[in-house]
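J.: The file below is data_4.cif, mmCIF, C-alpha atoms and all ligand atoms:
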```cif
data_structure
loop_
_atom_site.group_PDB
_atom_site.id
_atom_site.type_symbol
_atom_site.label_atom_id
_atom_site.label_comp_id
_atom_site.auth_asym_id
_atom_site.auth_seq_id
_atom_site.Cartn_x
_atom_site.Cartn_y
_atom_site.Cartn_z
ATOM 1 C CA MET X 1 43.791 188.026 8.021
ATOM 2 C CA THR X 2 41.246 187.840 5.190
ATOM 3 C CA PHE X 3 41.600 190.173 2.231
ATOM 4 C CA ALA X 4 38.622 191.684 0.439
ATOM 5 C CA GLY X 5 38.452 190.470 -3.125
ATOM 6 C CA ALA X 6 41.049 187.751 -2.578
ATOM 7 C CA THR X 7 39.386 184.624 -3.927
ATOM 8 C CA CYS X 8 40.831 181.189 -4.569
ATOM 9 C CA ILE X 9 41.558 180.531 -8.243
ATOM 10 C CA ALA X 10 40.477 176.913 -7.784
ATOM 11 C CA CYS X 11 37.268 177.018 -5.720
ATOM 12 C CA ARG X 12 36.457 180.751 -5.385
ATOM 13 C CA GLY X 13 36.741 180.540 -1.592
ATOM 14 C CA ARG X 14 38.013 183.504 0.417
ATOM 15 C CA LEU X 15 41.772 183.537 0.895
ATOM 16 C CA LYS X 16 43.744 184.085 4.083
ATOM 17 C CA PHE X 17 47.273 185.476 4.279
ATOM 18 C CA PHE X 18 49.836 182.689 4.752
ATOM 19 C CA GLY X 19 53.258 184.314 4.408
ATOM 20 C CA ASN X 20 55.579 186.570 2.464
ATOM 21 C CA ARG X 21 58.760 185.895 0.583
ATOM 22 C CA GLU X 22 60.824 188.469 -1.289
ATOM 23 C CA GLY X 23 57.926 190.939 -1.430
ATOM 24 C CA TYR X 24 55.339 188.441 -2.683
ATOM 25 C CA ASP X 25 52.416 187.277 -0.524
ATOM 26 C CA TYR X 26 51.205 183.679 -0.538
ATOM 27 C CA HIS X 27 47.600 183.157 0.557
ATOM 28 C CA LEU X 28 45.885 179.954 1.631
ATOM 29 C CA CYS X 29 42.350 178.879 0.745
ATOM 30 C CA PRO X 30 40.719 177.380 3.862
ATOM 31 C CA GLY X 31 38.118 175.772 1.602
ATOM 32 C CA CYS X 32 40.211 173.648 -0.740
ATOM 33 C CA GLY X 33 43.689 174.049 0.724
ATOM 34 C CA THR X 34 45.273 175.633 -2.349
ATOM 35 C CA LEU X 35 48.174 178.036 -1.706
ATOM 36 C CA GLN X 36 48.614 180.878 -4.175
ATOM 37 C CA LEU X 37 50.199 184.251 -4.772
ATOM 38 C CA PHE X 38 47.902 187.214 -4.205
ATOM 39 C CA PRO X 39 47.831 189.375 -6.131
ATOM 40 C CA MET X 40 48.642 187.024 -8.972
ATOM 41 C CA PRO X 41 51.583 188.430 -11.003
ATOM 42 C CA ASP X 42 50.795 190.065 -14.303
ATOM 43 C CA GLU X 43 51.036 187.558 -17.161
ATOM 44 C CA SER X 44 52.856 189.875 -19.566
ATOM 45 C CA GLU X 45 55.399 190.832 -16.931
ATOM 46 C CA LEU X 46 56.169 187.208 -16.110
ATOM 47 C CA SER X 47 56.231 186.278 -19.764
ATOM 48 C CA ALA X 48 58.928 188.897 -20.400
ATOM 49 C CA LEU X 49 60.978 187.577 -17.475
ATOM 50 C CA TYR X 50 60.772 184.012 -18.771
ATOM 51 C CA LYS X 51 61.927 185.074 -22.193
ATOM 52 C CA SER X 52 64.836 187.130 -20.911
ATOM 53 C CA SER X 53 66.178 185.706 -17.694
ATOM 54 C CA TYR X 54 64.447 182.553 -16.480
ATOM 55 C CA SER X 55 67.222 180.165 -17.473
ATOM 56 C CA ASP X 56 69.753 182.405 -15.679
ATOM 57 C CA VAL X 57 68.091 182.507 -12.270
ATOM 58 C CA SER X 58 68.757 180.064 -9.505
ATOM 59 C CA HIS X 59 65.265 178.572 -9.587
ATOM 60 C CA TYR X 60 66.171 176.290 -12.465
ATOM 61 C CA ASP X 61 69.420 174.352 -12.737
ATOM 62 C CA GLN X 62 71.656 176.110 -15.230
ATOM 63 C CA ASP X 63 73.502 172.985 -16.220
ATOM 64 C CA PRO X 64 71.305 170.936 -18.596
ATOM 65 C CA VAL X 65 73.017 167.625 -17.822
ATOM 66 C CA THR X 66 72.643 168.048 -14.050
ATOM 67 C CA CYS X 67 69.048 169.203 -14.412
ATOM 68 C CA ILE X 68 68.018 166.340 -16.671
ATOM 69 C CA HIS X 69 69.728 163.809 -14.410
ATOM 70 C CA SER X 70 67.988 165.061 -11.255
ATOM 71 C CA ALA X 71 64.553 165.224 -12.936
ATOM 72 C CA ARG X 72 64.705 161.829 -14.621
ATOM 73 C CA PRO X 73 62.353 160.137 -12.088
ATOM 74 C CA TYR X 74 59.737 162.791 -12.951
ATOM 75 C CA TYR X 75 60.090 162.148 -16.675
ATOM 76 C CA GLU X 76 59.759 158.407 -16.137
ATOM 77 C CA ALA X 77 56.655 158.920 -13.986
ATOM 78 C CA ILE X 78 55.007 160.920 -16.788
ATOM 79 C CA ARG X 79 56.030 158.374 -19.421
ATOM 80 C CA ASP X 80 54.492 155.604 -17.285
ATOM 81 C CA VAL X 81 51.161 157.465 -17.254
ATOM 82 C CA LEU X 82 51.196 157.780 -21.057
ATOM 83 C CA ILE X 83 51.869 154.057 -21.345
ATOM 84 C CA LYS X 84 49.059 153.227 -18.900
ATOM 85 C CA TYR X 85 46.552 155.264 -20.936
ATOM 86 C CA ASN X 86 47.736 153.766 -24.238
ATOM 87 C CA ILE X 87 48.714 157.092 -25.769
ATOM 88 C CA SER X 88 49.771 156.435 -29.354
ATOM 89 C CA GLY X 89 49.263 159.833 -31.060
ATOM 90 C CA PRO X 90 51.277 163.070 -30.881
ATOM 91 C CA VAL X 91 52.312 164.385 -27.469
ATOM 92 C CA LEU X 92 52.945 168.047 -26.632
ATOM 93 C CA ASP X 93 55.476 168.824 -23.899
ATOM 94 C CA CYS X 94 54.687 172.309 -22.579
ATOM 95 C CA GLY X 95 57.617 174.012 -20.854
ATOM 96 C CA SER X 96 60.293 171.679 -22.156
ATOM 97 C CA GLY X 97 63.157 173.322 -20.242
ATOM 98 C CA TRP X 98 66.409 171.704 -21.333
ATOM 99 C CA GLY X 99 64.469 169.020 -23.214
ATOM 100 C CA GLY X 100 64.857 166.092 -20.820
ATOM 101 C CA LEU X 101 61.241 164.944 -20.936
ATOM 102 C CA CYS X 102 60.891 165.433 -24.696
ATOM 103 C CA SER X 103 64.075 163.435 -25.219
ATOM 104 C CA LEU X 104 62.982 160.602 -22.937
ATOM 105 C CA LEU X 105 59.531 160.363 -24.525
ATOM 106 C CA THR X 106 61.013 160.386 -28.020
ATOM 107 C CA GLY X 107 63.429 157.647 -26.988
ATOM 108 C CA SER X 108 60.480 155.659 -25.622
ATOM 109 C CA GLY X 109 58.715 155.708 -28.993
ATOM 110 C CA PHE X 110 56.355 158.659 -28.505
ATOM 111 C CA GLU X 111 55.940 161.344 -31.154
ATOM 112 C CA CYS X 112 56.738 164.281 -28.910
ATOM 113 C CA ARG X 113 57.014 167.977 -29.687
ATOM 114 C CA GLY X 114 57.626 170.786 -27.236
ATOM 115 C CA VAL X 115 57.370 174.496 -26.518
ATOM 116 C CA GLU X 116 59.609 176.449 -24.184
ATOM 117 C CA PRO X 117 59.311 180.172 -23.308
ATOM 118 C CA SER X 118 63.003 180.617 -22.462
ATOM 119 C CA ALA X 119 64.907 181.410 -25.657
ATOM 120 C CA ARG X 120 68.136 180.013 -24.250
ATOM 121 C CA MET X 121 66.537 176.702 -23.319
ATOM 122 C CA ALA X 122 64.624 176.418 -26.594
ATOM 123 C CA ASP X 123 67.849 177.057 -28.505
ATOM 124 C CA TYR X 124 69.569 174.345 -26.498
ATOM 125 C CA CYS X 125 66.801 171.848 -27.322
ATOM 126 C CA PHE X 126 66.968 172.795 -30.986
ATOM 127 C CA SER X 127 70.751 172.328 -31.003
ATOM 128 C CA ARG X 128 70.203 168.779 -29.751
ATOM 129 C CA GLY X 129 67.786 168.033 -32.557
ATOM 130 C CA LEU X 130 64.653 168.091 -30.408
ATOM 131 C CA PRO X 131 61.443 169.474 -31.999
ATOM 132 C CA VAL X 132 61.003 172.188 -29.369
ATOM 133 C CA LEU X 133 59.752 175.619 -30.435
ATOM 134 C CA HIS X 134 60.361 178.882 -28.616
ATOM 135 C CA GLY X 135 57.147 180.159 -27.026
ATOM 136 C CA GLY X 136 54.096 179.033 -25.120
ATOM 137 C CA ILE X 137 51.094 176.861 -25.809
ATOM 138 C CA ASP X 138 49.680 179.497 -28.194
ATOM 139 C CA VAL X 139 52.387 178.568 -30.719
ATOM 140 C CA PHE X 140 50.039 175.801 -31.908
ATOM 141 C CA ASN X 141 46.684 176.361 -33.563
ATOM 142 C CA GLU X 142 45.663 173.640 -35.953
ATOM 143 C CA ASP X 143 47.581 170.748 -34.423
ATOM 144 C CA ARG X 144 45.872 168.069 -32.373
ATOM 145 C CA PHE X 145 47.531 166.030 -29.665
ATOM 146 C CA SER X 146 46.601 162.816 -27.901
ATOM 147 C CA ALA X 147 48.288 164.057 -24.745
ATOM 148 C CA ILE X 148 49.735 167.244 -23.315
ATOM 149 C CA VAL X 149 52.363 166.793 -20.626
ATOM 150 C CA LEU X 150 53.678 169.238 -18.036
ATOM 151 C CA CYS X 151 56.640 168.522 -15.793
ATOM 152 C CA THR X 152 56.724 171.043 -12.922
ATOM 153 C CA VAL X 153 55.071 173.717 -15.070
ATOM 154 C CA PHE X 154 51.456 174.091 -13.875
ATOM 155 C CA GLU X 155 52.612 175.800 -10.666
ATOM 156 C CA HIS X 156 54.193 178.497 -12.866
ATOM 157 C CA LEU X 157 51.060 179.549 -14.775
ATOM 158 C CA THR X 158 49.320 182.840 -14.071
ATOM 159 C CA ASN X 159 46.075 182.436 -15.980
ATOM 160 C CA HIS X 160 45.167 178.816 -15.443
ATOM 161 C CA TYR X 161 41.713 178.900 -17.023
ATOM 162 C CA ASP X 162 42.860 180.504 -20.262
ATOM 163 C CA TRP X 163 45.729 178.047 -20.433
ATOM 164 C CA LEU X 164 43.432 175.050 -19.848
ATOM 165 C CA LYS X 165 40.988 176.330 -22.454
ATOM 166 C CA ARG X 166 43.820 176.463 -24.977
ATOM 167 C CA ALA X 167 45.111 173.029 -23.924
ATOM 168 C CA ARG X 168 41.636 171.558 -24.267
ATOM 169 C CA SER X 169 41.306 172.938 -27.802
ATOM 170 C CA LEU X 170 44.558 171.241 -28.805
ATOM 171 C CA LEU X 171 43.594 167.813 -27.466
ATOM 172 C CA SER X 172 41.940 165.155 -29.572
ATOM 173 C CA PRO X 173 38.605 163.798 -28.295
ATOM 174 C CA GLY X 174 39.335 161.766 -25.168
ATOM 175 C CA GLY X 175 42.841 163.236 -24.937
ATOM 176 C CA VAL X 176 44.628 163.533 -21.615
ATOM 177 C CA LEU X 177 46.549 166.240 -19.841
ATOM 178 C CA VAL X 178 49.255 164.918 -17.505
ATOM 179 C CA SER X 179 50.780 167.336 -15.019
ATOM 180 C CA LEU X 180 53.446 166.539 -12.431
ATOM 181 C CA GLN X 181 53.599 169.480 -10.016
ATOM 182 C CA PRO X 182 54.389 170.396 -6.404
ATOM 183 C CA THR X 183 51.224 170.424 -4.319
ATOM 184 C CA ALA X 184 49.874 172.464 -1.437
ATOM 185 C CA ARG X 185 50.003 170.163 1.547
ATOM 186 C CA PHE X 186 53.797 169.821 1.611
ATOM 187 C CA ALA X 187 54.348 173.565 1.059
ATOM 188 C CA VAL X 188 51.858 174.509 3.782
ATOM 189 C CA THR X 189 53.247 171.965 6.257
ATOM 190 C CA MET X 190 56.874 173.006 5.721
ATOM 191 C CA GLY X 191 55.974 176.710 5.655
ATOM 192 C CA ARG X 192 54.391 176.341 9.083
ATOM 193 C CA ILE X 193 57.048 174.127 10.663
ATOM 194 C CA ALA X 194 59.995 176.214 9.460
ATOM 195 C CA ARG X 195 58.488 179.418 10.909
ATOM 196 C CA LEU X 196 57.144 177.759 14.070
ATOM 197 C CA GLY X 197 53.696 178.980 13.053
ATOM 198 C CA ARG X 198 54.735 182.679 12.925
ATOM 199 C CA LYS X 199 53.077 184.214 9.852
ATOM 200 C CA VAL X 200 55.122 187.415 10.184
ATOM 201 C CA SER X 201 58.382 185.515 9.594
ATOM 202 C CA PRO X 202 59.440 185.299 5.941
ATOM 203 C CA LEU X 203 58.631 182.042 4.213
ATOM 204 C CA PRO X 204 61.681 179.808 3.803
ATOM 205 C CA ARG X 205 62.784 178.845 0.326
ATOM 206 C CA ILE X 206 62.796 175.069 1.147
ATOM 207 C CA HIS X 207 64.990 174.099 -1.803
ATOM 208 C CA GLN X 208 62.813 175.074 -4.804
ATOM 209 C CA VAL X 209 59.370 175.362 -3.178
ATOM 210 C CA PHE X 210 58.720 179.010 -2.261
ATOM 211 C CA CYS X 211 60.156 180.700 -5.340
ATOM 212 C CA PRO X 212 58.127 183.801 -6.201
ATOM 213 C CA PRO X 213 57.286 185.053 -8.706
ATOM 214 C CA TRP X 214 57.887 181.766 -10.553
ATOM 215 C CA HIS X 215 55.759 179.524 -8.329
ATOM 216 C CA THR X 216 52.362 181.192 -8.503
ATOM 217 C CA ALA X 217 50.184 178.439 -6.998
ATOM 218 C CA PHE X 218 50.425 175.115 -5.210
ATOM 219 C CA PHE X 219 47.118 173.407 -5.846
ATOM 220 C CA SER X 220 45.638 170.901 -3.441
ATOM 221 C CA ILE X 221 44.150 167.695 -4.823
ATOM 222 C CA GLU X 222 40.689 169.114 -4.146
ATOM 223 C CA GLY X 223 41.697 172.343 -5.889
ATOM 224 C CA MET X 224 42.836 170.441 -8.970
ATOM 225 C CA LYS X 225 39.509 168.619 -9.070
ATOM 226 C CA SER X 226 37.675 171.963 -8.973
ATOM 227 C CA ILE X 227 39.802 173.522 -11.672
ATOM 228 C CA ALA X 228 39.328 170.459 -13.902
ATOM 229 C CA ASP X 229 35.549 170.552 -13.459
ATOM 230 C CA LEU X 230 35.463 174.249 -14.362
ATOM 231 C CA SER X 231 37.622 173.778 -17.462
ATOM 232 C CA GLY X 232 35.951 170.958 -19.373
ATOM 233 C CA PHE X 233 38.102 168.178 -17.934
ATOM 234 C CA LYS X 234 37.635 165.347 -15.474
ATOM 235 C CA LEU X 235 40.324 164.524 -12.947
ATOM 236 C CA ILE X 236 40.684 160.781 -13.454
ATOM 237 C CA GLU X 237 43.818 159.949 -11.454
ATOM 238 C CA VAL X 238 46.195 161.399 -8.868
ATOM 239 C CA ARG X 239 49.537 159.741 -8.222
ATOM 240 C CA PRO X 240 52.212 160.684 -5.664
ATOM 241 C CA ALA X 241 55.262 161.814 -7.653
ATOM 242 C CA PRO X 242 58.698 160.338 -7.005
ATOM 243 C CA GLN X 243 61.532 162.400 -5.558
ATOM 244 C CA GLY X 244 64.135 163.974 -7.841
ATOM 245 C CA ARG X 245 67.712 162.684 -7.915
ATOM 246 C CA SER X 246 69.963 165.629 -7.104
ATOM 247 C CA ASP X 247 73.570 165.222 -5.987
ATOM 248 C CA GLY X 248 75.020 166.014 -2.558
ATOM 249 C CA ALA X 249 73.021 166.951 0.518
ATOM 250 C CA VAL X 250 69.832 167.678 -1.419
ATOM 251 C CA GLY X 251 69.990 164.244 -3.001
ATOM 252 C CA MET X 252 70.443 162.663 0.426
ATOM 253 C CA MET X 253 67.378 164.513 1.723
ATOM 254 C CA GLN X 254 65.383 163.378 -1.301
ATOM 255 C CA TRP X 255 66.438 159.778 -0.662
ATOM 256 C CA ILE X 256 65.464 159.957 3.012
ATOM 257 C CA LEU X 257 62.165 161.718 2.276
ATOM 258 C CA GLU X 258 61.227 159.147 -0.338
ATOM 259 C CA ARG X 259 61.601 156.351 2.197
ATOM 260 C CA ILE X 260 59.627 158.229 4.842
ATOM 261 C CA ASN X 261 56.907 158.880 2.265
ATOM 262 C CA ASN X 262 56.747 155.245 1.241
ATOM 263 C CA VAL X 263 55.719 154.418 4.805
ATOM 264 C CA GLY X 264 53.518 157.518 5.206
ATOM 265 C CA GLN X 265 51.524 156.745 2.087
ATOM 266 C CA LEU X 266 50.706 153.295 3.422
ATOM 267 C CA ILE X 267 49.116 155.011 6.418
ATOM 268 C CA SER X 268 47.541 158.150 4.903
ATOM 269 C CA GLY X 269 47.378 157.553 1.153
ATOM 270 C CA PRO X 270 47.898 160.470 -1.273
ATOM 271 C CA LEU X 271 47.108 163.031 1.441
ATOM 272 C CA TRP X 272 50.295 162.204 3.387
ATOM 273 C CA PRO X 273 51.682 165.742 4.038
ATOM 274 C CA LEU X 274 55.324 165.096 3.099
ATOM 275 C CA ILE X 275 54.635 164.171 -0.520
ATOM 276 C CA VAL X 276 56.193 167.113 -2.350
ATOM 277 C CA ALA X 277 54.444 166.673 -5.694
ATOM 278 C CA HIS X 278 51.706 164.699 -7.415
ATOM 279 C CA THR X 279 50.956 163.675 -10.975
ATOM 280 C CA PHE X 280 47.444 164.638 -12.105
ATOM 281 C CA VAL X 281 45.677 163.089 -15.074
ATOM 282 C CA PHE X 282 42.881 165.167 -16.649
ATOM 283 C CA LYS X 283 40.705 163.681 -19.351
ATOM 284 C CA LYS X 284 39.031 166.003 -21.829
ATOM 285 C CA ASN X 285 35.263 165.963 -21.495
ATOM 286 C CA ARG X 286 33.281 165.388 -24.649
ATOM 287 C CA PHE X 287 31.493 168.733 -24.302
HETATM 288 ZN ZN ZN I 1 40.117 177.066 -2.846
#
```
Write the structure described by the file as structure tokens, please.
T.:
Amino acid sequence: MTFAGATCIACRGRLKFFGNREGYDYHLCPGCGTLQLFPMPDESELSALYKSSYSDVSHYDQDPVTCIHSARPYYEAIRDVLIKYNISGPVLDCGSGWGGLCSLLTGSGFECRGVEPSARMADYCFSRGLPVLHGGIDVFNEDRFSAIVLCTVFEHLTNHYDWLKRARSLLSPGGVLVSLQPTARFAVTMGRIARLGRKVSPLPRIHQVFCPPWHTAFFSIEGMKSIADLSGFKLIEVRPAPQGRSDGAVGMMQWILERINNVGQLISGPLWPLIVAHTFVFKKNRF
């Protein structure tokens, strides 16, 4: 089924219905492989939900210690990118959550500040002495950063181009944007397998993958390249992201999947379909 007016936010291709979950429709772009909500939720509506209830819903772990522990491999992966690109100036952590990434980067010698739209989470960061402000990227105007980092945040945005325009304006010349985020191929593969190809069946949650309205888009690697090109950036590197480190059965699945992926990547490279997330490095173009 193709919907009139439904165009891919990454490549402007025509979208096709993929599946529904909890009243929200995900559509797939046959051109670039990006999976996205259509219609895209209203930004002001989502913004109000983040401010009021995001930290209380099951999408995000409500216990800061558990959350930070399980996400530590992600934080380390982002830190390793900053080290590789010799980032020595200020770093902005957008969507700091409970402050795990900001804390790790600070402890690793980076000058890191953060913003977090959930008041409860921002208050928690502040109580721990982290320089995290309540709000979004528009909190900053005059500041300049050598890097902006996002840990599982880009898939939550609703107006990607406006956000990237703002991010670009905050970066110093040659600055980098580093985003670790779940990507399309895994979501599409699991969404098909779990429903045995039946589009009329509801999409499965698959741990934290299909979580509308929070997860608005799972970009493909090609989609991220398009969106970078259209936003004054160049996609300079894509890395498979590590698995998280949850406890219990989820943690066991993550451990098994990581080992399967280690073999799969040797065969297929970054397009191996069971890689849940990738880390993208955008470099700001001069003009
Ligand atoms: Zn597309």
J.: Please give me, as a PyMOL selection string, the residues lying within 6 Å of ligand ZN 1 (chain I) when counting only C-alpha atoms and all ligand atoms.
T.: chain X and resi 8+10-13+29+31-34+223
J.: Could you make a table, as CSV, of the residues of region 154-248 of chain X that have an atom within 10 Å of an atom of region 128-139 of chain X, each with its nearest atom pair and distance in Å to one decimal, counting only C-alpha atoms, in chain and number order?
T.:
```
residue,atom,partner,partner_atom,distance
X:Trp163,CA,X:Ile137,CA,7.7
X:Leu164,CA,X:Ile137,CA,9.9
X:Arg166,CA,X:Ile137,CA,7.3
X:Ala167,CA,X:Ile137,CA,7.4
X:Leu170,CA,X:Ile137,CA,9.1
```
J.: Next, write the just-selected residues to a file, as a PDB file, in the coordinates of the input, keeping C-alpha atoms as the atom set.
T.:
```pdb
ATOM      1  CA  TRP X 163      45.729 178.047 -20.433  1.00  0.00           C
ATOM      2  CA  LEU X 164      43.432 175.050 -19.848  1.00  0.00           C
ATOM      3  CA  ARG X 166      43.820 176.463 -24.977  1.00  0.00           C
ATOM      4  CA  ALA X 167      45.111 173.029 -23.924  1.00  0.00           C
ATOM      5  CA  LEU X 170      44.558 171.241 -28.805  1.00  0.00           C
TER       6      LEU X 170
END
```
J.: Can you give me, as a list in words, the residues this file yields under the PyMOL selection byres (((chain X and resi 7) around 10) and not hetatm)?
T.: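 Output from the PyMOL selection byres (((chain X and resi 7) around 10) and not hetatm), applied to this file: Thr2, Phe3, Ala4, Gly5, Ala6, Cys8, Ile9, Ala10, Cys11, Arg12, Gly13, Arg14, Leu15, Lys16, His27, Leu28, Cys29, Gln36, Phe38 and Pro39 of chain X.
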J.: Mind checking which residues fall within 10 Å of Trp214 (chain X), counting only C-alpha atoms, ignoring those fewer than 2 positions away in the same chain, and posting them as a ChimeraX atom specification?
T.: /X:37,41,46,49-50,54,59,153,155-158,209-212,216-217
J.: Run the PyMOL selection byres (((chain X and resi 99-109) around 6) and not hetatm) on the file and write out the hits as a list in words.
T.: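 Those residues are Ile68, Tyr75, Ser96, Gly97, Trp98, Phe110, Cys112 and Cys125 of chain X.
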J.: Rounded to one decimal, what separation in Å do you get between CA of Lys234 (chain X) and CA of Lys283 (chain X)?
T.: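 Value for the CA of Lys234 (chain X)-CA of Lys283 (chain X) distance: 5.2 Å.
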J.: Given the file above and the PyMOL selection byres (((chain X and resi 200) around 8) and not hetatm), which residues are selected, and can you give them as a list of chain:residue names?
T.: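 Taken on the displayed file, the PyMOL selection byres (((chain X and resi 200) around 8) and not hetatm) yields the residues X:Gly19, X:Asn20, X:Arg198, X:Lys199, X:Ser201, X:Pro202.
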J.: Would you work out the distance separating CA of Ile236 (chain X) from CA of Gln208 (chain X), expressed in Å to one decimal?
T.: 27.7 Å
J.: Just how far from CA of Asp42 (chain X) is CA of Arg144 (chain X), in Å to one decimal?
T.: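 It comes out at 28.9 Å.
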J.: Residues at most 8 Å from Val178 (chain X), counting only C-alpha atoms, excluding those fewer than 4 positions away in the same chain, as an MDAnalysis selection string?
T.: chainID X and resid 78 81 147:150 279:282
J.: Any idea what's packed within 7 Å of Phe186 (chain X), counting only C-alpha atoms, ignoring anything in its chain fewer than 3 positions away? Could you give it as a list in words?
T.: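 Once the nearby chain positions are removed, what remains is Thr183, Thr189, Met190, Pro273, Leu274, Ile275 and Val276 of chain X.
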J.: Select, from X:Ser47, X:Gln181, X:Ile206, X:Asn141, the residue with the minimum atom-to-atom distance to Ala194 (chain X), counting all atoms listed in the file.
T.: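 Ranked by minimum distance to Ala194 (chain X), first place goes to X:Ile206.
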J.: What are the centre and edge lengths in Å, to one decimal, of the axis-aligned box around all listed atoms of region 26-35 of chain X with 5 Å added on each side, as lines of an AutoDock Vina configuration file?
T.:
```
center_x = 44.7
center_y = 178.7
center_z = 0.8
size_x = 23.1
size_y = 20.0
size_z = 16.2
```
J.: Hey, which of X:Ala48, X:Ala184, X:Leu82, X:Leu230 ends up closest to Ala119 (chain X)? Count all atoms listed in the file.
T.: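 Result for the nearest residue to Ala119 (chain X): X:Ala48.
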J.: Pull the neighbourhood of (40.4, 169.8, -18.9) for me: all residues within 6 Å in file coordinates, counting only C-alpha atoms, as an mmCIF file with C-alpha atoms, in the coordinates of the input.
T.:
```
data_model
loop_
_atom_site.group_PDB
_atom_site.id
_atom_site.type_symbol
_atom_site.label_atom_id
_atom_site.label_comp_id
_atom_site.auth_asym_id
_atom_site.auth_seq_id
_atom_site.Cartn_x
_atom_site.Cartn_y
_atom_site.Cartn_z
ATOM 1 C CA ARG X 168 41.636 171.558 -24.267
ATOM 2 C CA ALA X 228 39.328 170.459 -13.902
ATOM 3 C CA SER X 231 37.622 173.778 -17.462
ATOM 4 C CA GLY X 232 35.951 170.958 -19.373
ATOM 5 C CA PHE X 233 38.102 168.178 -17.934
ATOM 6 C CA PHE X 282 42.881 165.167 -16.649
ATOM 7 C CA LYS X 284 39.031 166.003 -21.829
#
```
J.: Have a look at X:Lys84, X:Arg205, X:Lys165, X:Arg120 and name the one nearest to Asp229 (chain X); count only C-alpha atoms.
T.: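 With only C-alpha atoms as the atom set, the closest residue is X:Lys165.
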J.: Would you mind telling me which residue in X:Pro30, X:Pro182, X:Gly264, X:Gly175 lies nearest to Gly89 (chain X) when using only C-alpha atoms?
T.: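 Smallest separation from Gly89 (chain X) among the options: X:Gly175.
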J.: Skip Pro90 (chain X) itself and residues of its chain fewer than 4 positions away, then list as a PyMOL selection string all residues within 6 Å of it, counting only C-alpha atoms.
T.: chain X and resi 111-112+145-146
